[in-house]
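Asker: One structure is given below, represented as structure tokens, and several questions about it will come after.
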Amino acid sequence: MRAAANLLAVLMLAAAVSATAQEKHLIDPTPPGSLNPEPLPPLQNPDAPLTPAKELFARKPTPFPGPPRSIGGYSDGCLAGATLLPINGPTWQVMRLSRNRNWGNPHLIRFIERFAKNAKKVGWRGLLVGDMSQPRGGPMLSGHTSHQVGLDVDIWFTPMPDHVQSREEREFSSATDVVAPDLLDVDPQVWTQTHTELIRTAAQDPAVTRIFVNAAIKKALCREAGADRDWLSKVRPWYGHAEHFHVRIACPADSAECKPQPPPDPSDGCGHELDFWLKESTLRPPPPLIPPKPKPVLTLAGLSPACKQIVKAP
Ligand SMILES: [Zn+2]
């Protein structure tokens, strides 16, 4: 019964996002960055109540000082006391430095350090780290609805090169799309069993609650997981995520204002949920008869009052 209710929730959610999915379901390339990012022009009237919160958070280049706090939900929250992930670690490198999105709750930083080390043990040379959060978290001008509380990280499916990359390489090289052109399975030219072990390693970390991948990747994981399958419940299909996977960790115990997400369905998700995602009408939905209403813009009123204080502070 619970599985049926969960599937219904997935279907409803999927219908709600299918309009945006049409542009995003094929591929989700990370756009190239810039070697000389221009600062954003100041807002005319930043205190206007209808000012999108993303405009305010995008203009904060430094974290809010003090103890680390993830405040609110993954898609409606912010972050205080953020830590910067160093751009070069023993087994990771940060990409797209111009975005200034390699900030996170210290628990996320520790997870990435741990994961990079464990991934090496299963044969993955090193992680290429994409977006984490902005210095004060919050909504972003491009790319995500989540990643707001410093507990989400995107990891590229491209293994780390054997050298420390230049700024140019980090800004302009593109991530490997591992999904086959028909969207029904992974591309055997690029997908390897080590990719499965990489995701298994992330999923088995006790801090991780969810991992989002393209449905074609989930299908490959279901096939290649073998007898040890408990971790598959954390890996859920989503639109895009063909070039990177998205790892979410739980609300840390020391972030009392963090809004946790209910745990994923305990099943391995390899049955009818996956069938739904791989249906023609999900992969290539027909254009909607009525254009969908634009989503309301998130303003500071939609976030916890603490987030207002955090984004307004100098
Ligand atoms: Zn992500």
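Letters A, B, ... go to the chains of the structure tokens in the order shown; residues in each chain start at 1; ligands are counted from 1 in the same order.
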Per DSSP on the backbone, filter stretch 62-105 of chain A down to the residues in strand (DSSP E or B) and report them as a PyMOL selection string.
Answerer: chain A and resi 69-73+76-80+83-84+88-89+92-94+103-104
Asker: What does the file look like for those residues with N, CA and C atoms, as a tab-separated table (two decimals), in the first residue's frame?
Answerer:
chain	number	residue	atom	x	y	z
A	69	ARG	N	25.03	26.10	10.21
A	69	ARG	CA	23.60	25.79	10.36
A	69	ARG	C	22.99	25.62	8.98
A	70	SER	N	22.41	24.47	8.74
A	70	SER	CA	21.59	24.27	7.54
A	70	SER	C	20.16	24.55	7.97
A	71	ILE	N	19.54	25.54	7.31
A	71	ILE	CA	18.24	26.04	7.78
A	71	ILE	C	17.18	25.83	6.71
A	72	GLY	N	16.06	25.17	7.10
A	72	GLY	CA	14.97	24.96	6.16
A	72	GLY	C	15.15	23.69	5.35
A	73	GLY	N	14.44	23.62	4.21
A	73	GLY	CA	14.45	22.40	3.40
A	73	GLY	C	15.45	22.48	2.25
A	76	ASP	N	14.09	24.91	-0.09
A	76	ASP	CA	13.63	26.20	0.43
A	76	ASP	C	14.36	26.49	1.73
A	77	GLY	N	15.63	26.80	1.59
A	77	GLY	CA	16.42	27.02	2.80
A	77	GLY	C	17.66	27.84	2.53
A	78	CYS	N	18.55	27.84	3.50
A	78	CYS	CA	19.79	28.60	3.37
A	78	CYS	C	20.83	27.99	4.31
A	79	LEU	N	21.98	28.62	4.35
A	79	LEU	CA	23.13	28.03	5.04
A	79	LEU	C	23.94	29.12	5.73
A	80	ALA	N	24.26	28.89	7.01
A	80	ALA	CA	25.16	29.79	7.73
A	80	ALA	C	26.43	29.00	8.08
A	83	THR	N	31.45	26.06	4.86
A	83	THR	CA	32.87	25.75	4.66
A	83	THR	C	33.12	25.60	3.17
A	84	LEU	N	34.29	26.05	2.71
A	84	LEU	CA	34.67	25.92	1.30
A	84	LEU	C	35.36	24.57	1.09
A	88	ASN	N	41.42	21.46	-4.83
A	88	ASN	CA	42.19	20.26	-5.12
A	88	ASN	C	42.34	19.45	-3.84
A	89	GLY	N	41.89	18.21	-3.89
A	89	GLY	CA	42.12	17.31	-2.76
A	89	GLY	C	42.95	16.15	-3.25
A	92	TRP	N	40.12	14.44	-5.38
A	92	TRP	CA	39.01	15.18	-6.02
A	92	TRP	C	39.53	16.48	-6.61
A	93	GLN	N	38.78	17.05	-7.55
A	93	GLN	CA	39.03	18.40	-8.06
A	93	GLN	C	37.67	19.05	-8.30
A	94	VAL	N	37.59	20.33	-7.98
A	94	VAL	CA	36.34	21.07	-8.16
A	94	VAL	C	36.31	21.67	-9.57
A	103	TRP	N	30.63	25.44	-1.73
A	103	TRP	CA	30.42	25.67	-0.30
A	103	TRP	C	29.45	24.63	0.24
A	104	GLY	N	29.60	24.30	1.52
A	104	GLY	CA	28.67	23.34	2.10
A	104	GLY	C	28.72	23.35	3.61
Asker: At a cut-off of 7 Å, using only C-alpha atoms, what residues contact stretch 50-66 of chain A? Leave out same-chain residues fewer than 5 positions from it and give the result as a PyMOL selection string.
Answerer: chain A and resi 40+80-82+135-136+138-141+297-300+310-311
Asker: Within 7 Å of ligand 1, which residues show up when you count only C-alpha atoms and all ligand atoms? List them as a PyMOL selection string, please.
Answerer: chain A and resi 131+144+147+152-154+245-246
Asker: From the set A:Leu283, A:Leu127, A:Met132, A:Ile87, which residue has the shortest atom-to-atom contact distance to A:Pro181, counting only C-alpha atoms?
Answerer: A:Leu283
Asker: List every residue of stretch 57-146 of chain A that has an atom at most 12 Å from any atom of stretch 182-203 of chain A, giving for each one its closest atom pair and the distance in Å to one decimal, counting only C-alpha atoms, sorted by chain and then by ascending residue number, as a tab-separated table.
Answerer:
residue	atom	partner	partner_atom	distance
A:Phe111	CA	A:Ala202	CA	9.1
A:Ile112	CA	A:Ala202	CA	9.3
A:Glu113	CA	A:Ala202	CA	11.4
A:Arg114	CA	A:Ala202	CA	9.4
A:Phe115	CA	A:Ala202	CA	6.2
A:Ala116	CA	A:Ala202	CA	9.1
A:Lys117	CA	A:Thr201	CA	10.1
A:Asn118	CA	A:Thr201	CA	6.9
A:Ala119	CA	A:Leu198	CA	5.7
A:Lys120	CA	A:Leu198	CA	8.8
A:Lys121	CA	A:Thr201	CA	9.4
A:Val122	CA	A:Glu197	CA	6.4
A:Gly123	CA	A:Thr194	CA	6.6
A:Trp124	CA	A:Thr194	CA	6.8
A:Arg125	CA	A:Thr194	CA	10.3
A:Gly126	CA	A:Leu198	CA	10.2
A:Leu127	CA	A:Leu198	CA	9.8
Asker: To one decimal place, how far is atom CA of A:Val149 from atom CA of A:Gln134 in Å?
Answerer: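 These atoms are spaced 9.0 Å apart.
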Asker: Got a sec: who's within 12 Å of A:Gly143, counting only C-alpha atoms, leaving out chain neighbours fewer than 5 positions off, as a list in words?
Answerer: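 Residues near the query, excluding close chain neighbours: Lys24, Asp28, Pro29, Thr30, Pro31, Lys54, Arg99, Arg101, Gly130, Asp131, Met132, Ser133, Gln148, Asp154, Gly240 and His241 of chain A.
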Asker: Pick out the residues sitting within 6 Å of A:His244, and hand them over as a list in words; count only C-alpha atoms, and ignore anything fewer than 2 positions along from it in its own chain.
Answerer: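 Once the nearby chain positions are removed, what remains is Ile155, Trp156, Phe157, His241 and Ala242 of chain A.
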Asker: Write out, as a PDB file, in the first residue's frame, the residues just selected, with C-alpha atoms.
Answerer:
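out_24.pdb, freshly written:
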ATOM      1  CA  ILE A 155      29.517  14.507  -8.930  1.00  0.00           C
ATOM      2  CA  TRP A 156      30.468  14.211 -12.599  1.00  0.00           C
ATOM      3  CA  PHE A 157      30.467  10.827 -14.325  1.00  0.00           C
ATOM      4  CA  HIS A 241      21.371  13.471 -14.340  1.00  0.00           C
ATOM      5  CA  ALA A 242      22.969  11.773 -17.339  1.00  0.00           C
TER       6      ALA A 242
END
